[in-house]
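upload-v9.cif, holding mmCIF, C-alpha atoms:
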```cif
data_query
loop_
_atom_site.label_atom_id
_atom_site.label_comp_id
_atom_site.auth_asym_id
_atom_site.auth_seq_id
_atom_site.Cartn_x
_atom_site.Cartn_y
_atom_site.Cartn_z
CA MET L 1 -3.56 -26.47 29.71
CA SER L 2 -3.74 -28.97 26.94
CA GLY L 3 -4.61 -27.47 23.59
CA THR L 4 -2.79 -24.19 24.20
CA MET L 5 0.61 -23.48 22.72
CA SER L 6 3.61 -21.61 23.97
CA VAL L 7 4.23 -18.09 22.77
CA GLY L 8 5.86 -18.06 19.35
CA ALA L 9 5.05 -21.68 18.60
CA VAL L 10 3.47 -22.69 15.33
CA ARG L 11 -0.27 -22.35 15.52
CA GLU L 12 -2.21 -25.13 13.95
CA HIS L 13 -5.86 -25.17 13.02
CA PRO L 14 -6.58 -28.82 12.36
CA LEU L 15 -9.20 -29.50 9.73
CA PRO L 16 -12.07 -31.87 10.51
CA GLU L 17 -11.18 -35.47 9.93
CA GLY L 18 -11.61 -36.65 6.38
CA THR L 19 -11.01 -33.19 4.83
CA GLU L 20 -7.88 -32.07 3.02
CA GLN L 21 -5.96 -28.80 3.27
CA PRO L 22 -7.03 -26.98 0.08
CA PHE L 23 -3.79 -25.00 -0.27
CA PRO L 24 -0.95 -26.97 1.31
CA GLY L 25 1.75 -24.81 2.87
CA LEU L 26 -0.45 -21.73 3.03
CA SER L 27 -1.50 -20.56 6.48
CA THR L 28 -5.16 -19.85 7.17
CA GLU L 29 -4.27 -16.47 8.67
CA LYS L 30 -2.41 -15.31 5.56
CA PHE L 31 -5.23 -16.50 3.32
CA ALA L 32 -7.68 -14.51 5.46
CA VAL L 33 -5.55 -11.35 5.32
CA TRP L 34 -5.40 -11.59 1.52
CA LEU L 35 -9.19 -11.93 1.34
CA PHE L 36 -9.45 -8.83 3.53
CA LEU L 37 -7.02 -6.99 1.25
CA ALA L 38 -9.07 -8.00 -1.81
CA SER L 39 -12.11 -6.36 -0.22
CA GLU L 40 -9.98 -3.30 0.50
CA VAL L 41 -8.97 -3.12 -3.16
CA MET L 42 -12.63 -2.81 -4.10
CA PHE L 43 -13.21 -0.22 -1.35
CA PHE L 44 -10.49 2.05 -2.71
CA ALA L 45 -11.48 1.23 -6.28
CA GLY L 46 -14.91 2.68 -5.59
CA LEU L 47 -13.41 5.86 -4.17
CA ILE L 48 -10.87 6.27 -6.99
CA VAL L 49 -13.40 5.67 -9.76
CA ALA L 50 -15.84 8.09 -8.07
CA TYR L 51 -13.03 10.68 -7.95
CA LEU L 52 -12.15 10.25 -11.62
CA THR L 53 -15.80 10.37 -12.67
CA ILE L 54 -16.46 13.55 -10.68
CA ARG L 55 -13.22 15.19 -11.79
CA TYR L 56 -13.64 14.57 -15.50
CA SER L 57 -17.31 15.47 -15.55
CA SER L 58 -16.74 18.75 -13.72
CA PRO L 59 -16.65 21.87 -15.89
CA SER L 60 -13.71 23.25 -13.91
CA TRP L 61 -11.06 21.75 -11.68
CA PRO L 62 -8.14 23.43 -9.90
CA VAL L 63 -4.62 23.01 -11.33
CA VAL L 64 -3.42 20.53 -8.72
CA SER L 65 0.23 21.58 -8.90
CA GLU L 66 -0.86 25.12 -7.95
CA VAL L 67 -3.20 24.11 -5.13
CA LEU L 68 -1.37 21.13 -3.62
CA ASN L 69 2.16 20.98 -2.24
CA VAL L 70 3.52 18.35 -4.65
CA PRO L 71 7.21 18.47 -3.52
CA LEU L 72 6.17 17.94 0.12
CA VAL L 73 3.90 15.03 -0.81
CA ALA L 74 6.57 13.53 -3.09
CA ALA L 75 8.90 13.51 -0.08
CA ASN L 76 6.11 11.95 1.98
CA THR L 77 5.66 9.28 -0.70
CA PHE L 78 9.34 8.49 -0.39
CA ILE L 79 8.93 8.17 3.40
CA LEU L 80 6.11 5.64 2.92
CA ILE L 81 8.25 3.66 0.45
CA VAL L 82 11.10 3.61 2.98
CA SER L 83 8.63 2.38 5.62
CA SER L 84 7.70 -0.50 3.31
CA VAL L 85 11.40 -1.37 3.04
CA THR L 86 11.87 -1.33 6.84
CA MET L 87 8.76 -3.50 7.15
CA VAL L 88 9.92 -6.08 4.64
CA LEU L 89 13.36 -6.10 6.29
CA ALA L 90 11.65 -6.67 9.65
CA PHE L 91 10.00 -9.79 8.26
CA ASP L 92 13.21 -10.90 6.56
CA ARG L 93 15.21 -10.60 9.80
CA ALA L 94 12.43 -12.19 11.87
CA GLU L 95 12.34 -15.13 9.47
CA ARG L 96 16.08 -15.55 9.93
CA GLY L 97 15.70 -15.39 13.71
CA GLU L 98 17.68 -12.14 13.99
CA ALA L 99 16.55 -9.98 16.92
CA GLN L 100 17.11 -6.72 15.03
CA PHE L 101 13.74 -7.26 13.31
CA ARG L 102 12.19 -5.49 16.30
CA TYR L 103 14.02 -2.26 15.45
CA PHE L 104 12.90 -2.43 11.83
CA LEU L 105 9.33 -2.74 13.12
CA LEU L 106 9.83 0.28 15.35
CA ALA L 107 11.30 2.24 12.43
CA THR L 108 8.24 1.36 10.35
CA ALA L 109 5.90 2.71 13.03
CA VAL L 110 7.95 5.92 13.32
CA LEU L 111 7.98 6.44 9.54
CA GLY L 112 4.23 5.79 9.37
CA THR L 113 3.67 8.38 12.07
CA ILE L 114 5.82 10.90 10.17
CA PHE L 115 3.77 10.23 7.02
CA VAL L 116 0.48 10.93 8.82
CA THR L 117 1.93 14.03 10.47
CA ILE L 118 3.10 15.47 7.14
CA GLN L 119 -0.31 14.75 5.69
CA ALA L 120 -1.87 16.65 8.59
CA VAL L 121 0.45 19.58 7.79
CA GLU L 122 -0.67 19.43 4.16
CA TRP L 123 -4.33 19.44 5.21
CA ALA L 124 -3.67 22.45 7.47
CA GLU L 125 -2.02 24.30 4.55
CA LEU L 126 -4.96 23.55 2.29
CA MET L 127 -7.51 24.63 4.88
CA GLY L 128 -5.45 27.79 5.37
CA GLU L 129 -6.06 28.51 1.69
CA GLY L 130 -9.79 28.21 2.30
CA ILE L 131 -10.29 24.77 0.78
CA HIS L 132 -12.39 22.58 3.08
CA ILE L 133 -14.26 19.34 2.46
CA SER L 134 -17.48 21.27 1.81
CA THR L 135 -15.90 24.03 -0.31
CA ASN L 136 -16.23 22.30 -3.68
CA LEU L 137 -16.03 18.89 -5.38
CA PHE L 138 -12.24 19.05 -5.41
CA GLY L 139 -12.18 19.50 -1.63
CA ALA L 140 -14.81 16.81 -1.06
CA THR L 141 -12.99 14.17 -3.12
CA PHE L 142 -9.47 15.15 -2.03
CA TYR L 143 -10.18 15.00 1.70
CA THR L 144 -12.24 11.82 1.32
CA LEU L 145 -9.53 9.90 -0.53
CA THR L 146 -6.55 11.13 1.48
CA GLY L 147 -8.60 10.89 4.69
CA PHE L 148 -9.53 7.25 4.19
CA HIS L 149 -5.96 6.44 3.22
CA GLY L 150 -4.60 8.34 6.23
CA ALA L 151 -7.01 6.43 8.47
CA HIS L 152 -5.62 3.19 7.04
CA VAL L 153 -2.06 4.33 7.72
CA SER L 154 -3.03 5.35 11.26
CA GLY L 155 -4.64 1.95 11.85
CA GLY L 156 -1.54 0.35 10.39
CA VAL L 157 0.72 2.29 12.77
CA ILE L 158 -1.35 1.00 15.71
CA TRP L 159 -1.13 -2.59 14.39
CA VAL L 160 2.64 -2.26 13.83
CA LEU L 161 3.08 -0.84 17.35
CA ILE L 162 1.15 -3.75 18.86
CA VAL L 163 3.32 -6.22 16.93
CA THR L 164 6.46 -4.28 17.95
CA ILE L 165 5.55 -4.42 21.65
CA LYS L 166 4.85 -8.16 21.36
CA ALA L 167 8.17 -8.60 19.55
CA PHE L 168 10.11 -6.87 22.33
CA ARG L 169 8.35 -9.23 24.76
CA GLY L 170 9.78 -12.21 22.91
CA ARG L 171 7.01 -13.03 20.48
CA TYR L 172 7.67 -14.07 16.85
CA ALA L 173 11.13 -15.45 17.66
CA LYS L 174 10.11 -18.88 16.38
CA ASN L 175 7.17 -17.99 14.20
CA PRO L 176 7.25 -14.67 12.30
CA LEU L 177 3.77 -15.07 10.80
CA GLY L 178 2.41 -12.14 12.84
CA VAL L 179 5.12 -9.90 11.36
CA GLU L 180 4.30 -11.10 7.86
CA LEU L 181 0.57 -10.40 8.30
CA VAL L 182 1.00 -6.82 9.48
CA GLY L 183 3.56 -6.42 6.68
CA LEU L 184 1.02 -7.47 4.04
CA TYR L 185 -1.40 -4.82 5.29
CA TRP L 186 1.34 -2.18 5.43
CA HIS L 187 2.54 -2.85 1.88
CA PHE L 188 -1.05 -2.76 0.67
CA VAL L 189 -1.47 0.71 2.18
CA ASP L 190 1.75 1.68 0.37
CA VAL L 191 0.37 0.36 -2.94
CA VAL L 192 -2.82 2.38 -2.48
CA TRP L 193 -0.75 5.52 -1.88
CA ILE L 194 1.33 4.87 -5.00
CA ILE L 195 -1.91 4.98 -7.01
CA LEU L 196 -3.40 7.93 -5.08
CA PHE L 197 -0.22 9.99 -5.41
CA THR L 198 -0.37 9.67 -9.19
CA ILE L 199 -4.10 10.25 -9.52
CA LEU L 200 -4.48 13.08 -6.98
CA TYR L 201 -1.19 14.93 -7.32
CA LEU L 202 0.43 14.24 -10.67
CA ILE L 203 -2.32 13.87 -13.27
CA MET Z 204 7.29 -22.41 10.49
CA ALA Z 205 8.82 -20.66 7.52
CA THR Z 206 5.81 -19.10 5.92
CA THR Z 207 7.62 -18.74 2.62
CA ASP Z 208 10.54 -20.45 0.98
CA HIS Z 209 13.44 -18.31 2.02
CA LYS Z 210 16.62 -19.97 0.92
CA GLN Z 211 18.16 -16.99 -0.81
CA ARG Z 212 18.42 -13.26 -0.21
CA ARG Z 213 15.62 -11.42 -1.86
CA PRO Z 214 16.24 -8.22 -3.85
CA TYR Z 215 14.57 -5.86 -1.37
CA LEU Z 216 17.12 -3.08 -1.68
CA GLN Z 217 17.15 -3.27 -5.48
CA VAL Z 218 13.35 -2.94 -5.43
CA PHE Z 219 13.69 0.03 -3.07
CA ALA Z 220 16.13 1.67 -5.50
CA ALA Z 221 13.75 1.02 -8.40
CA LEU Z 222 10.80 2.51 -6.46
CA THR Z 223 12.83 5.62 -5.61
CA VAL Z 224 13.98 6.12 -9.20
CA LEU Z 225 10.46 5.55 -10.58
CA THR Z 226 9.02 8.09 -8.09
CA ALA Z 227 11.59 10.66 -9.18
CA ILE Z 228 10.76 9.96 -12.84
CA GLU Z 229 7.04 10.38 -12.05
CA VAL Z 230 7.57 13.81 -10.52
CA GLY Z 231 9.74 14.77 -13.51
CA VAL Z 232 7.19 13.56 -16.07
CA ALA Z 233 4.40 15.41 -14.24
CA ALA Z 234 6.39 18.66 -14.57
CA LEU Z 235 6.95 18.23 -18.33
CA ALA Z 236 4.90 20.30 -20.74
CA ILE Z 237 3.92 17.40 -22.99
CA ASP Z 238 0.67 16.13 -24.46
CA LYS Z 239 -1.70 15.57 -21.54
CA THR Z 240 -2.92 12.18 -22.75
CA VAL Z 241 0.63 10.87 -23.20
CA GLN Z 242 1.52 12.24 -19.78
CA ILE Z 243 -1.43 10.49 -18.09
CA VAL Z 244 -0.68 7.17 -19.80
CA VAL Z 245 3.01 7.34 -18.81
CA LEU Z 246 2.19 8.32 -15.21
CA LEU Z 247 -0.37 5.52 -14.82
CA ALA Z 248 2.13 3.03 -16.29
CA LEU Z 249 4.81 4.18 -13.84
CA ALA Z 250 2.38 3.88 -10.91
CA ALA Z 251 1.35 0.40 -12.08
CA ALA Z 252 5.01 -0.62 -12.31
CA LYS Z 253 5.66 0.58 -8.76
CA ALA Z 254 2.56 -1.13 -7.37
CA THR Z 255 3.54 -4.37 -9.15
CA LEU Z 256 7.05 -4.25 -7.67
CA VAL Z 257 5.67 -3.85 -4.14
CA ALA Z 258 3.14 -6.66 -4.63
CA LEU Z 259 5.62 -9.09 -6.21
CA PHE Z 260 8.57 -8.57 -3.90
CA PHE Z 261 7.46 -6.90 -0.65
CA MET Z 262 4.15 -8.80 -0.47
CA HIS Z 263 5.93 -11.91 -1.75
CA LEU Z 264 3.44 -12.75 -4.49
CA ARG Z 265 6.38 -13.82 -6.62
CA TYR Z 266 7.31 -16.50 -4.10
CA ASP Z 267 4.02 -17.36 -2.41
CA HIS Z 268 1.17 -19.71 -3.26
CA HIS Z 269 -0.38 -18.63 -6.58
CA ILE Z 270 -3.88 -18.54 -5.10
CA LEU Z 271 -2.87 -15.34 -3.25
CA ALA Z 272 -1.97 -13.65 -6.53
CA ILE Z 273 -5.40 -14.62 -7.88
CA ILE Z 274 -7.19 -13.31 -4.76
CA GLY Z 275 -5.32 -10.01 -4.86
CA GLY Z 276 -4.97 -9.73 -8.61
CA PHE Z 277 -8.54 -10.27 -9.74
CA PRO Z 278 -10.08 -7.23 -8.04
CA LEU Z 279 -7.02 -5.28 -9.16
CA LEU Z 280 -7.76 -6.31 -12.75
CA LEU Z 281 -11.29 -4.97 -12.33
CA VAL Z 282 -9.90 -1.68 -11.01
CA VAL Z 283 -7.54 -1.36 -13.96
CA ILE Z 284 -10.39 -2.05 -16.41
CA MET Z 285 -12.57 0.59 -14.74
CA ILE Z 286 -9.80 3.20 -14.78
CA VAL Z 287 -8.83 2.45 -18.39
CA ILE Z 288 -12.46 2.79 -19.52
CA LEU Z 289 -12.82 6.07 -17.64
CA MET Z 290 -9.61 7.44 -19.10
CA ALA Z 291 -10.55 6.28 -22.60
CA ASP Z 292 -13.88 8.06 -22.18
CA ARG Z 293 -12.06 11.21 -21.13
CA VAL Z 294 -9.76 11.07 -24.16
CA SER Z 295 -12.58 10.33 -26.60
CA SER Z 296 -14.72 13.17 -25.22
CA GLY Z 297 -11.77 15.52 -25.69
CA GLN Z 298 -11.68 16.90 -22.14
#
```
Mind converting the file's structure to structure tokens?
Amino acid sequence: MSGTMSVGAVREHPLPEGTEQPFPGLSTEKFAVWLFLASEVMFFAGLIVAYLTIRYSSPSWPVVSEVLNVPLVAANTFILIVSSVTMVLAFDRAERGEAQFRYFLLATAVLGTIFVTIQAVEWAELMGEGIHISTNLFGATFYTLTGFHGAHVSGGVIWVLIVTIKAFRGRYAKNPLGVELVGLYWHFVDVVWIILFTILYLI
Amino acid sequence: MATTDHKQRRPYLQVFAALTVLTAIEVGVAALAIDKTVQIVVLLALAAAKATLVALFFMHLRYDHHILAIIGGFPLLLVVIMIVILMADRVSSGQ
């Protein structure tokens, strides 16, 4: 099995002979994840700018603090921030070779699941008040933005769970890159929510 | 392979405390009956501060190769420009 590497070993992607590593010390995988995140920035930028354009060109718009459950979502924002902390601690412990990183990963997945569940509760409340995606422009933009973000969190939870399962099977003990990559995505989703919370709920 | 230089403890818990305090301030500012334009500017600044803290410390842009900050930062700059122009338009049109 020449050419394959043991689980957890450093993966190398040798460049063709005669070429130089353009960014020494930077892994190809991390570079790729950042390029992906840059494309995600523009994806959410399009949605956010569309929301602002629609909102401020509409003759009327609901008073968000009356329609939306701001205290509940503020608590949910705090939960997502805590999940970012557990994620960064997972990478920190994995980098130090401490086995407890697996529990921080698990905590991140649990907190992410709680976030999505609370968002589902919020959606149910809003629909109970008769506001659906097709009700008006507020409903259309609100469900679109929170829906796409929630889908990203859900996808993130699945990715974190996969990494967690691999971690409990002994992966990442020598090379925590996989933990760092899922962490980058998770923090990005947190950053997007920080912006969405302000724009959708506070302004 | 250490993917980042990790010789010293990083201030993760201090950043967590800052994010919590800034979120509480945001909710407080949103509840204040102040000039709407001032309120929007302050809230956007607070959100930008929180996002920057996460990117610098949790996503390690402060410690990592600078090319990553350029990759992530450039589209972010475009987003900020778009939002600022939209908000300026809103203020100037008096809505």
### Distance-based interface of chain Z with chain L, 8 Å, counting all atoms listed in the file, as a PyMOL selection string
chain Z and resi 204-206+215-216+219+222-223+226+229-230+233+242-243+246-247+250-251+253-254+257-258+261-262+268+271+274-275+278-279+282+285-286+289+293+298
Evaluate the PyMOL selection byres ((chain L and resi 68) around 10) against this structure - the residues, as a compact mmCIF listing (two decimals) with C-alpha atoms, in the frame of the given file, please.
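Output saved as part-v3.txt:
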```
# COMPACT_ATOMS: atom_id res chain seq x y z
CA PRO L 62 -8.14 23.43 -9.90
CA VAL L 63 -4.62 23.01 -11.33
CA VAL L 64 -3.42 20.53 -8.72
CA SER L 65 0.23 21.58 -8.90
CA GLU L 66 -0.86 25.12 -7.95
CA VAL L 67 -3.20 24.11 -5.13
CA ASN L 69 2.16 20.98 -2.24
CA VAL L 70 3.52 18.35 -4.65
CA PRO L 71 7.21 18.47 -3.52
CA LEU L 72 6.17 17.94 0.12
CA VAL L 73 3.90 15.03 -0.81
CA GLU L 122 -0.67 19.43 4.16
CA TRP L 123 -4.33 19.44 5.21
CA GLU L 125 -2.02 24.30 4.55
CA LEU L 126 -4.96 23.55 2.29
CA LEU L 200 -4.48 13.08 -6.98
CA TYR L 201 -1.19 14.93 -7.32
```
Using only the atoms of region 262-281 of chain Z listed in the file, plus 6 Å on each side, state the axis-aligned box centre and edge lengths in Å rounded to one decimal, as lines of an AutoDock Vina configuration file.
```
center_x = -2.0
center_y = -12.3
center_z = -6.6
size_x = 30.6
size_y = 26.7
size_z = 24.3
```
### Query
Quick one: distance from CA of Val157 (chain L) to CA of Ala109 (chain L) in Å, one decimal?
5.2 Å
Export of region 81-139 of chain L: C-alpha atoms, as a PDB file, in the first residue's frame:
```pdb
ATOM      1  CA  ILE L  81     -21.375  32.260  20.158  1.00  0.00           C
ATOM      2  CA  VAL L  82     -20.841  29.625  22.864  1.00  0.00           C
ATOM      3  CA  SER L  83     -20.725  26.962  20.128  1.00  0.00           C
ATOM      4  CA  SER L  84     -17.956  28.932  18.422  1.00  0.00           C
ATOM      5  CA  VAL L  85     -16.044  28.925  21.709  1.00  0.00           C
ATOM      6  CA  THR L  86     -16.445  25.149  22.154  1.00  0.00           C
ATOM      7  CA  MET L  87     -15.313  24.699  18.545  1.00  0.00           C
ATOM      8  CA  VAL L  88     -12.196  26.816  18.930  1.00  0.00           C
ATOM      9  CA  LEU L  89     -11.416  25.035  22.209  1.00  0.00           C
ATOM     10  CA  ALA L  90     -11.809  21.700  20.386  1.00  0.00           C
ATOM     11  CA  PHE L  91      -9.131  22.761  17.910  1.00  0.00           C
ATOM     12  CA  ASP L  92      -6.942  24.174  20.677  1.00  0.00           C
ATOM     13  CA  ARG L  93      -7.084  20.913  22.659  1.00  0.00           C
ATOM     14  CA  ALA L  94      -6.633  18.777  19.529  1.00  0.00           C
ATOM     15  CA  GLU L  95      -3.557  20.798  18.603  1.00  0.00           C
ATOM     16  CA  ARG L  96      -2.154  20.129  22.064  1.00  0.00           C
ATOM     17  CA  GLY L  97      -2.906  16.419  21.728  1.00  0.00           C
ATOM     18  CA  GLU L  98      -5.467  16.456  24.554  1.00  0.00           C
ATOM     19  CA  ALA L  99      -8.225  13.873  24.086  1.00  0.00           C
ATOM     20  CA  GLN L 100     -10.911  16.129  25.571  1.00  0.00           C
ATOM     21  CA  PHE L 101     -11.129  17.912  22.199  1.00  0.00           C
ATOM     22  CA  ARG L 102     -13.654  15.231  21.207  1.00  0.00           C
ATOM     23  CA  TYR L 103     -16.087  16.398  23.900  1.00  0.00           C
ATOM     24  CA  PHE L 104     -15.768  20.016  22.797  1.00  0.00           C
ATOM     25  CA  LEU L 105     -16.655  18.858  19.278  1.00  0.00           C
ATOM     26  CA  LEU L 106     -19.677  17.001  20.621  1.00  0.00           C
ATOM     27  CA  ALA L 107     -20.733  20.077  22.607  1.00  0.00           C
ATOM     28  CA  THR L 108     -20.496  22.155  19.431  1.00  0.00           C
ATOM     29  CA  ALA L 109     -22.798  19.769  17.569  1.00  0.00           C
ATOM     30  CA  VAL L 110     -25.296  19.797  20.456  1.00  0.00           C
ATOM     31  CA  LEU L 111     -25.286  23.611  20.658  1.00  0.00           C
ATOM     32  CA  GLY L 112     -25.719  23.861  16.885  1.00  0.00           C
ATOM     33  CA  THR L 113     -28.693  21.523  17.076  1.00  0.00           C
ATOM     34  CA  ILE L 114     -30.222  23.631  19.870  1.00  0.00           C
ATOM     35  CA  PHE L 115     -29.754  26.756  17.729  1.00  0.00           C
ATOM     36  CA  VAL L 116     -31.590  25.204  14.770  1.00  0.00           C
ATOM     37  CA  THR L 117     -34.343  23.889  17.053  1.00  0.00           C
ATOM     38  CA  ILE L 118     -34.936  27.326  18.604  1.00  0.00           C
ATOM     39  CA  GLN L 119     -35.029  28.814  15.132  1.00  0.00           C
ATOM     40  CA  ALA L 120     -37.666  26.248  14.175  1.00  0.00           C
ATOM     41  CA  VAL L 121     -39.677  27.311  17.250  1.00  0.00           C
ATOM     42  CA  GLU L 122     -39.377  30.931  16.148  1.00  0.00           C
ATOM     43  CA  TRP L 123     -40.569  30.056  12.648  1.00  0.00           C
ATOM     44  CA  ALA L 124     -43.534  28.162  14.133  1.00  0.00           C
ATOM     45  CA  GLU L 125     -44.439  31.213  16.263  1.00  0.00           C
ATOM     46  CA  LEU L 126     -44.266  33.489  13.244  1.00  0.00           C
ATOM     47  CA  MET L 127     -46.355  31.161  11.101  1.00  0.00           C
ATOM     48  CA  GLY L 128     -48.836  30.986  13.980  1.00  0.00           C
ATOM     49  CA  GLU L 129     -49.201  34.752  13.626  1.00  0.00           C
ATOM     50  CA  GLY L 130     -50.067  34.263   9.966  1.00  0.00           C
ATOM     51  CA  ILE L 131     -46.744  35.365   8.496  1.00  0.00           C
ATOM     52  CA  HIS L 132     -45.564  32.906   5.844  1.00  0.00           C
ATOM     53  CA  ILE L 133     -42.946  33.197   3.119  1.00  0.00           C
ATOM     54  CA  SER L 134     -45.612  34.217   0.597  1.00  0.00           C
ATOM     55  CA  THR L 135     -47.496  36.593   2.922  1.00  0.00           C
ATOM     56  CA  ASN L 136     -45.502  39.737   2.128  1.00  0.00           C
ATOM     57  CA  LEU L 137     -41.989  40.988   1.343  1.00  0.00           C
ATOM     58  CA  PHE L 138     -41.049  40.872   5.019  1.00  0.00           C
ATOM     59  CA  GLY L 139     -41.963  37.176   5.181  1.00  0.00           C
TER      60      GLY L 139
END
```
